[in-house]
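Structure file target33.txt (compact mmCIF, C-alpha atoms) is printed below.
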```
# COMPACT_ATOMS: atom_id res chain seq x y z
CA LEU T 1236 142.38 52.64 72.28
CA ARG T 1237 139.63 50.04 72.09
CA GLN T 1238 136.47 51.71 73.35
CA LYS T 1239 135.21 54.97 74.80
CA LYS T 1240 131.89 55.88 76.32
CA THR T 1241 130.57 59.29 77.44
CA LEU T 1242 129.04 59.18 80.93
CA ASP T 1243 127.79 62.15 82.92
CA ARG T 1244 130.18 64.87 81.79
CA GLY T 1245 133.41 62.88 81.52
CA VAL T 1246 134.72 60.10 79.30
CA PHE T 1247 135.48 56.55 80.36
CA VAL T 1248 138.25 54.94 78.25
CA LYS T 1249 138.75 51.18 78.12
CA THR T 1250 142.29 50.36 77.01
CA THR T 1251 144.79 47.47 76.80
CA HIS T 1252 148.49 48.40 76.54
CA LYS T 1253 151.85 46.76 77.22
CA SER T 1254 152.71 49.40 79.79
CA PHE T 1255 149.76 48.17 81.78
CA LEU T 1256 151.07 44.55 81.66
CA HIS T 1257 148.44 43.54 79.14
CA LYS T 1258 145.72 44.24 81.66
CA THR T 1259 142.53 46.09 80.88
CA HIS T 1260 142.00 49.36 82.75
CA ILE T 1261 139.18 51.85 82.90
CA ILE T 1262 140.37 55.45 83.01
CA TYR T 1263 138.07 58.42 83.70
CA ILE T 1264 139.12 61.56 81.86
CA MET T 1265 137.86 64.81 83.39
CA PRO T 1266 135.84 66.93 80.94
CA PRO T 1267 136.68 70.48 79.88
CA PRO T 1268 134.69 73.32 81.53
CA PHE T 1269 131.05 72.51 80.83
CA GLN T 1270 128.76 74.89 78.96
CA GLU T 1271 125.93 74.41 81.45
CA ASP T 1272 128.11 75.88 84.20
CA GLU T 1273 128.52 79.05 82.14
CA GLU T 1274 124.79 79.17 81.46
CA ASP T 1275 124.02 78.74 85.16
CA GLU T 1276 126.39 81.61 85.94
CA GLU T 1277 124.67 83.86 83.40
CA GLU T 1278 121.25 82.97 84.80
CA GLY T 1279 122.53 83.79 88.27
CA LYS T 1280 123.72 87.19 87.12
CA GLU T 1281 120.39 87.91 85.47
CA GLU T 1282 118.46 86.88 88.60
CA SER T 1283 120.67 89.12 90.72
CA PHE T 1284 120.15 92.00 88.30
CA LEU T 1285 116.38 91.57 88.31
CA GLU T 1286 116.32 91.43 92.11
CA GLU T 1287 118.43 94.57 92.42
CA THR T 1288 116.39 96.55 89.90
CA LEU T 1289 113.08 95.39 91.40
CA HIS T 1290 114.22 96.63 94.80
CA ALA T 1291 115.15 100.01 93.27
CA ALA T 1292 111.82 100.30 91.43
CA LYS T 1293 109.85 99.51 94.59
CA TRP T 1294 111.80 102.02 96.65
CA CYS T 1295 111.27 104.72 94.02
CA ALA T 1296 107.57 103.91 94.02
CA PHE T 1297 107.47 104.25 97.83
CA LEU T 1298 109.19 107.66 97.63
CA ALA T 1299 106.95 108.99 94.85
CA GLY T 1300 103.87 107.44 96.43
CA LYS T 1301 104.48 109.32 99.67
CA GLU T 1302 104.85 112.56 97.69
CA ILE T 1303 101.59 111.93 95.79
CA ARG T 1304 99.71 111.09 98.97
CA ASN T 1305 101.01 114.20 100.76
CA ALA T 1306 100.03 116.39 97.80
CA TRP T 1307 96.54 114.86 97.55
CA GLY T 1308 93.98 117.68 97.63
CA THR T 1309 96.59 120.44 98.04
CA THR T 1310 97.84 123.16 95.69
CA SER T 1311 100.56 120.73 94.52
CA SER T 1312 97.80 118.73 92.83
CA GLU T 1313 96.58 121.73 90.85
CA VAL T 1314 97.30 122.19 87.15
CA LYS T 1315 100.67 123.79 86.48
CA ASN T 1316 100.74 123.40 82.71
CA THR T 1317 99.29 121.52 79.75
CA LYS T 1318 100.98 119.37 77.10
CA LYS T 1319 99.19 118.43 73.86
CA ASN T 1320 96.02 120.37 74.68
CA ASP T 1321 93.85 121.66 77.54
CA VAL T 1322 92.97 118.15 78.75
CA ASP T 1323 96.57 116.82 78.83
CA LEU T 1324 97.69 118.11 82.22
CA VAL T 1325 100.84 118.53 84.35
CA THR T 1326 101.17 119.30 88.07
CA LEU T 1327 104.08 120.23 90.32
CA THR T 1328 103.85 116.74 91.79
CA ASP T 1329 104.40 115.11 88.36
CA GLU T 1330 107.63 117.03 87.92
CA LYS T 1331 108.86 116.59 91.50
CA CYS T 1332 108.26 112.84 91.53
CA GLU T 1333 109.95 112.28 88.16
CA LYS T 1334 113.03 114.22 89.29
CA MET T 1335 113.17 112.24 92.54
CA ILE T 1336 112.95 108.87 90.78
CA LYS T 1337 115.55 109.75 88.15
CA GLU T 1338 118.06 110.91 90.74
CA TYR T 1339 117.70 107.67 92.68
CA ILE T 1340 118.11 105.46 89.58
CA ARG T 1341 121.02 107.44 88.11
CA GLU T 1342 122.94 107.18 91.35
CA ARG T 1343 122.64 103.39 91.44
CA PHE T 1344 122.62 102.54 87.72
CA PRO T 1345 124.67 105.24 85.95
CA ASP T 1346 124.89 103.22 82.71
CA HIS T 1347 121.14 102.77 82.37
CA LEU T 1348 118.93 104.91 80.15
CA ILE T 1349 115.88 106.70 81.59
CA VAL T 1350 112.80 107.87 79.70
CA GLY T 1351 110.39 109.99 81.75
CA GLU T 1352 107.04 111.40 80.70
CA GLU T 1353 107.57 114.98 81.85
CA GLU T 1354 111.12 115.35 80.51
CA THR T 1355 110.00 113.93 77.16
CA ALA T 1356 107.07 116.36 77.01
CA ALA T 1357 109.34 119.30 77.87
CA GLY T 1358 111.74 118.25 75.11
CA GLY T 1359 109.18 118.44 72.33
CA ASP T 1360 107.25 115.25 73.07
CA VAL T 1361 109.53 113.09 70.90
CA ILE T 1362 109.73 109.57 72.33
CA PRO T 1363 113.31 108.23 72.12
CA GLU T 1364 113.92 105.18 69.96
CA MET T 1365 114.12 102.01 72.03
CA SER T 1366 117.57 100.75 73.02
CA ALA T 1367 118.93 97.30 73.81
CA LYS T 1368 120.53 98.81 76.92
CA PRO T 1369 118.63 98.59 80.24
CA THR T 1370 116.07 101.38 80.00
CA TRP T 1371 113.73 102.72 82.68
CA TYR T 1372 110.31 104.10 81.71
CA ILE T 1373 108.80 106.39 84.34
CA ASP T 1374 105.34 107.88 84.69
CA PRO T 1375 105.47 109.82 87.96
CA VAL T 1376 101.68 110.26 88.10
CA ASP T 1377 99.61 108.14 85.73
CA GLY T 1378 96.07 109.43 86.00
CA THR T 1379 96.97 113.11 86.45
CA THR T 1380 93.40 114.26 85.78
CA ASN T 1381 92.19 111.89 88.53
CA PHE T 1382 94.89 113.30 90.83
CA ILE T 1383 93.80 116.88 90.16
CA HIS T 1384 90.15 116.01 90.87
CA SER T 1385 90.98 113.83 93.92
CA TYR T 1386 89.55 110.78 92.18
CA PRO T 1387 91.42 107.89 93.88
CA ASN T 1388 92.81 106.12 90.83
CA SER T 1389 96.27 107.57 90.24
CA CYS T 1390 99.62 105.79 90.43
CA VAL T 1391 103.34 105.95 89.90
CA SER T 1392 104.46 103.56 87.15
CA ILE T 1393 108.08 102.38 86.85
CA GLY T 1394 109.12 99.83 84.21
CA LEU T 1395 112.45 98.44 83.03
CA THR T 1396 113.35 96.92 79.66
CA MET T 1397 116.32 94.75 78.73
CA LYS T 1398 117.06 94.22 75.05
CA LYS T 1399 113.83 96.14 74.35
CA GLU T 1400 111.70 93.69 76.36
CA PRO T 1401 109.83 94.72 79.54
CA VAL T 1402 111.27 92.68 82.42
CA VAL T 1403 110.44 94.54 85.66
CA GLY T 1404 107.29 96.50 86.49
CA VAL T 1405 106.03 98.33 89.57
CA VAL T 1406 102.72 100.22 89.69
CA PHE T 1407 101.74 101.85 92.98
CA ASN T 1408 98.49 103.62 93.89
CA PRO T 1409 99.38 105.37 97.16
CA ILE T 1410 95.77 106.39 97.85
CA THR T 1411 94.47 102.82 97.99
CA ARG T 1412 97.93 101.63 99.18
CA GLU T 1413 98.07 98.91 96.53
CA MET T 1414 101.34 98.07 94.78
CA PHE T 1415 101.42 95.73 91.79
CA ILE T 1416 104.73 94.17 90.81
CA GLY T 1417 105.84 91.83 88.04
CA VAL T 1418 109.22 90.35 87.14
CA LYS T 1419 109.92 88.29 84.03
CA GLY T 1420 109.82 84.60 84.92
CA ARG T 1421 108.71 85.18 88.52
CA GLY T 1422 105.00 85.99 88.28
CA SER T 1423 103.08 89.00 89.56
CA GLN T 1424 102.05 90.09 93.02
CA LEU T 1425 99.78 92.56 94.78
CA ILE T 1426 101.30 94.17 97.87
CA ASN T 1427 99.24 96.05 100.44
CA VAL T 1428 101.39 98.88 101.76
CA GLY T 1429 101.21 100.27 105.28
CA GLY T 1430 103.09 102.72 107.48
CA ASN T 1431 103.05 106.49 107.64
CA ASP T 1432 105.92 106.58 105.13
CA LEU T 1433 104.18 104.12 102.80
CA ASN T 1434 107.10 101.67 102.88
CA GLU T 1435 105.81 98.69 104.87
CA GLU T 1436 104.63 95.58 103.03
CA THR T 1437 101.73 94.38 105.18
CA ASP T 1438 100.35 91.69 102.87
CA VAL T 1439 101.67 90.06 99.68
CA LYS T 1440 99.72 87.75 97.40
CA THR T 1441 100.18 86.28 93.94
CA ILE T 1442 97.72 87.57 91.35
CA ARG T 1443 96.26 85.91 88.24
CA VAL T 1444 94.01 87.02 85.43
CA SER T 1445 90.32 86.08 85.46
CA ASN T 1446 88.83 82.90 84.03
CA ALA T 1447 86.22 84.57 81.79
CA THR T 1448 85.85 82.50 78.64
CA THR T 1449 84.09 84.79 76.14
CA LEU T 1450 83.92 88.50 75.37
CA LYS T 1451 80.16 88.38 76.01
CA LYS T 1452 80.91 87.55 79.66
CA ALA T 1453 83.80 90.00 79.98
CA LEU T 1454 84.07 93.32 81.79
CA ILE T 1455 86.21 95.62 79.63
CA ALA T 1456 88.07 98.81 80.51
CA THR T 1457 89.15 101.61 78.17
CA GLU T 1458 90.03 105.31 78.11
CA ILE T 1459 88.97 108.17 75.85
CA GLY T 1460 92.41 109.73 75.39
CA VAL T 1461 93.08 113.41 74.77
CA GLY T 1462 92.06 113.81 71.11
CA ARG T 1463 89.07 116.13 70.85
CA ASP T 1464 88.52 116.65 67.12
CA GLU T 1465 85.21 115.36 65.80
CA LYS T 1466 86.55 112.43 63.74
CA THR T 1467 88.76 111.18 66.58
CA ILE T 1468 85.84 111.34 69.01
CA ASP T 1469 83.75 109.39 66.47
CA ALA T 1470 86.44 106.70 66.35
CA ILE T 1471 86.67 106.53 70.16
CA MET T 1472 82.91 106.26 70.58
CA GLY T 1473 82.60 103.82 67.69
CA ARG T 1474 84.96 101.40 69.40
CA ILE T 1475 83.19 101.83 72.73
CA ARG T 1476 79.84 101.16 71.02
CA ASN T 1477 81.20 97.94 69.50
CA ILE T 1478 82.57 96.74 72.83
CA VAL T 1479 79.32 97.60 74.67
CA GLN T 1480 77.43 95.53 72.09
CA ASN T 1481 79.78 92.56 72.46
CA SER T 1482 80.73 92.49 76.16
CA ARG T 1483 79.08 92.46 79.56
CA SER T 1484 79.94 96.11 80.29
CA VAL T 1485 82.62 98.81 79.99
CA ARG T 1486 84.57 100.85 82.56
CA CYS T 1487 86.64 104.02 82.13
CA THR T 1488 88.67 104.96 85.23
CA GLY T 1489 91.43 107.28 84.03
CA SER T 1490 94.74 105.40 84.21
CA CYS T 1491 96.28 103.11 81.61
CA ALA T 1492 98.61 101.43 84.11
CA MET T 1493 95.89 100.88 86.72
CA ASN T 1494 93.52 99.45 84.09
CA MET T 1495 96.17 96.97 82.99
CA CYS T 1496 96.79 95.97 86.59
CA ALA T 1497 93.05 95.42 86.95
CA VAL T 1498 93.34 92.88 84.11
CA ALA T 1499 96.34 91.25 85.82
CA SER T 1500 94.45 90.89 89.09
CA GLY T 1501 91.24 89.59 87.51
CA ARG T 1502 89.14 92.66 88.33
CA VAL T 1503 88.40 93.26 84.67
CA ASP T 1504 88.88 90.86 81.77
CA GLY T 1505 90.36 93.15 79.14
CA PHE T 1506 91.54 96.68 78.41
CA PHE T 1507 92.45 98.74 75.37
CA GLU T 1508 93.59 102.27 74.68
CA ILE T 1509 94.82 104.09 71.59
CA GLY T 1510 96.69 107.37 71.94
CA PHE T 1511 97.98 107.46 75.52
CA GLY T 1512 101.12 109.42 76.43
CA GLY T 1513 103.91 106.96 75.76
CA PRO T 1514 105.78 103.80 76.86
CA TRP T 1515 105.92 105.01 80.47
CA ASP T 1516 102.16 104.33 80.66
CA ASN T 1517 102.28 100.64 79.77
CA CYS T 1518 105.85 99.33 80.16
CA ALA T 1519 105.57 98.33 83.83
CA ALA T 1520 102.01 97.02 83.53
CA THR T 1521 102.92 94.91 80.47
CA VAL T 1522 105.23 92.79 82.65
CA ILE T 1523 102.58 92.56 85.36
CA VAL T 1524 99.85 91.40 82.96
CA ARG T 1525 102.01 88.84 81.17
CA GLU T 1526 103.39 87.39 84.39
CA ALA T 1527 99.83 87.09 85.72
CA GLY T 1528 98.95 84.90 82.72
CA GLY T 1529 97.49 87.56 80.45
CA VAL T 1530 98.09 88.55 76.83
CA VAL T 1531 99.35 91.97 75.67
CA VAL T 1532 99.16 92.99 71.99
CA ASP T 1533 98.40 95.98 69.78
CA PRO T 1534 94.63 96.69 69.39
CA SER T 1535 94.99 95.67 65.73
CA GLY T 1536 96.15 92.23 66.82
CA GLU T 1537 99.74 92.94 65.80
CA GLU T 1538 102.62 92.57 68.22
CA MET T 1539 102.58 95.40 70.76
CA HIS T 1540 105.35 98.01 70.38
CA LEU T 1541 106.02 100.11 73.47
CA ASN T 1542 106.56 103.30 71.48
CA ALA T 1543 103.36 102.95 69.46
CA ARG T 1544 101.17 104.47 72.22
CA ARG T 1545 98.59 101.71 71.74
CA VAL T 1546 97.80 98.64 73.82
CA LEU T 1547 95.26 95.87 74.27
CA CYS T 1548 95.44 93.25 76.98
CA ALA T 1549 93.16 90.40 77.96
CA ASN T 1550 93.00 87.42 80.28
CA SER T 1551 93.37 84.91 77.42
CA ARG T 1552 94.21 84.62 73.75
CA GLU T 1553 90.63 83.59 73.00
CA ILE T 1554 89.10 86.76 74.45
CA MET T 1555 91.89 88.82 72.91
CA GLU T 1556 90.95 87.56 69.43
CA GLU T 1557 87.25 88.37 69.96
CA PHE T 1558 88.26 91.75 71.37
CA VAL T 1559 90.42 92.61 68.33
CA ALA T 1560 87.65 91.49 65.96
CA ALA T 1561 85.14 93.80 67.70
CA LEU T 1562 87.46 96.80 67.32
CA LYS T 1563 88.54 96.10 63.74
CA PRO T 1564 85.59 97.73 61.87
CA VAL T 1565 86.38 101.16 63.35
CA GLU T 1566 89.14 103.14 61.64
CA ASP T 1567 91.61 105.12 63.73
CA GLY T 1568 90.89 108.81 64.13
CA PRO T 1569 93.21 111.51 62.72
CA ALA T 1570 94.60 112.35 66.19
CA GLU T 1571 95.32 108.69 67.00
CA PRO T 1572 98.64 106.90 66.39
CA PRO T 1573 98.63 104.18 63.71
CA LYS T 1574 99.28 100.49 64.33
CA PRO T 1575 102.99 99.54 64.44
CA SER T 1576 103.16 98.21 60.85
CA LEU T 1577 101.97 101.60 59.53
CA ALA T 1578 104.04 103.80 61.83
CA THR T 1579 106.80 105.76 60.14
CA THR T 1580 108.82 106.18 63.35
CA LEU T 1581 108.88 104.03 66.48
```
How does the structure come out when it is put into structure tokens?
Amino acid sequence: LRQKKTLDRGVFVKTTHKSFLHKTHIIYIMPPPFQEDEEDEEEGKEESFLEETLHAAKWCAFLAGKEIRNAWGTTSSEVKNTKKNDVDLVTLTDEKCEKMIKEYIRERFPDHLIVGEEETAAGGDVIPEMSAKPTWYIDPVDGTTNFIHSYPNSCVSIGLTMKKEPVVGVVFNPITREMFIGVKGRGSQLINVGGNDLNEETDVKTIRVSNATTLKKALIATEIGVGRDEKTIDAIMGRIRNIVQNSRSVRCTGSCAMNMCAVASGRVDGFFEIGFGGPWDNCAATVIVREAGGVVVDPSGEEMHLNARRVLCANSREIMEEFVAALKPVEDGPAEPPKPSLATTL
């Protein structure tokens, strides 16, 4: 053997040997199975999985959306029960939609885990620890108070995690007929939905976050949560005061998922909330914001943890840093969950 040279994926060997009558020959030796082929196969499987789960999430959103729209302004939108207190509400529609979505997912993905808002509340309000297995997070009606009062800013929110990372998100407001979707690595879209059964995609467009450059020029959204003790209210209002002083203006519209989608679509420039229900509120919208070019973190500036019940998102890292700095002087209230690094259980 005189010389060998790797080319493309095989090996060319230059050799002189008596059996070849002292002539020089070039022999191409086929390579072993190449690692890139295996990687391509894995990527193909992941793409197929994401496509399949996105289709399921959209169909579940269509089904629940039709139920919400049909119940709009009827007795099914009236308060059935409360959870943490008198302002944390449940309706028959919440329960019916969650059951409907779970049945659909379990039939198609029996090995997947499902975490739903209403089932979690009924089981003592203990949020399950996150799993590396594919896990669905479902909020059948995010913005229940809006739904009860016929304020048109309620939605069904369906998110999927893989290895504890949000990868698929669908948020659908059946009253305005707007569906927001996001898939890891594919970007985010806004779909206008038509048809009597709310299952016709009449217009689809890619969405991106806004181009606001400073907090002073930003429109910020937030929510006031369900804590009603004096110190928690002081903390809530203290943060709002700081944001009012440092931004263009503030909006409060009653749905964590819809607020985050407003950031993703450039309608507002940032959003924060501390003390919402659970990961079903922000799992889906986290994918949508990130795939639209936005940033999602904890309001303290730490990495966001889905189970922490806290979120801050913005159109850019620069505004996010100003945003976090404006909130920092205000301590969390006693009824509010701590930042992830201080949480005893997540």
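Closest approach to T:Pro1375 among T:Phe1407, T:Trp1307, T:Phe1506, T:Phe1284 is made by T:Phe1407 (distances from all atoms listed in the file).
Of the listed residues (T:Gly1420, T:Pro1573, T:Gly1462, T:Gly1351), T:Gly1351 comes nearest to T:Asp1374; the distances count only C-alpha atoms.
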**Report entry** Pick from T:Glu1364, T:Glu1571, T:Glu1353, T:Glu1556 nearest to T:Lys1466, counting all atoms listed in the file
**Finding:** T:Glu1571
Using 3 Å of padding on each side, determine the axis-aligned box around all atoms of stretch 1380-1395 of chain T present in the file and give its centre and edge lengths in Å to one decimal, as JSON.
```
{"center_x": 101.0, "center_y": 107.7, "center_z": 88.5, "size_x": 28.9, "size_y": 24.4, "size_z": 16.9}
```
**Report entry** atom CA of T:Tyr1372 to atom CA of T:Val1350, distance in Å rounded to a single decimal
**Finding:** 4.9 Å
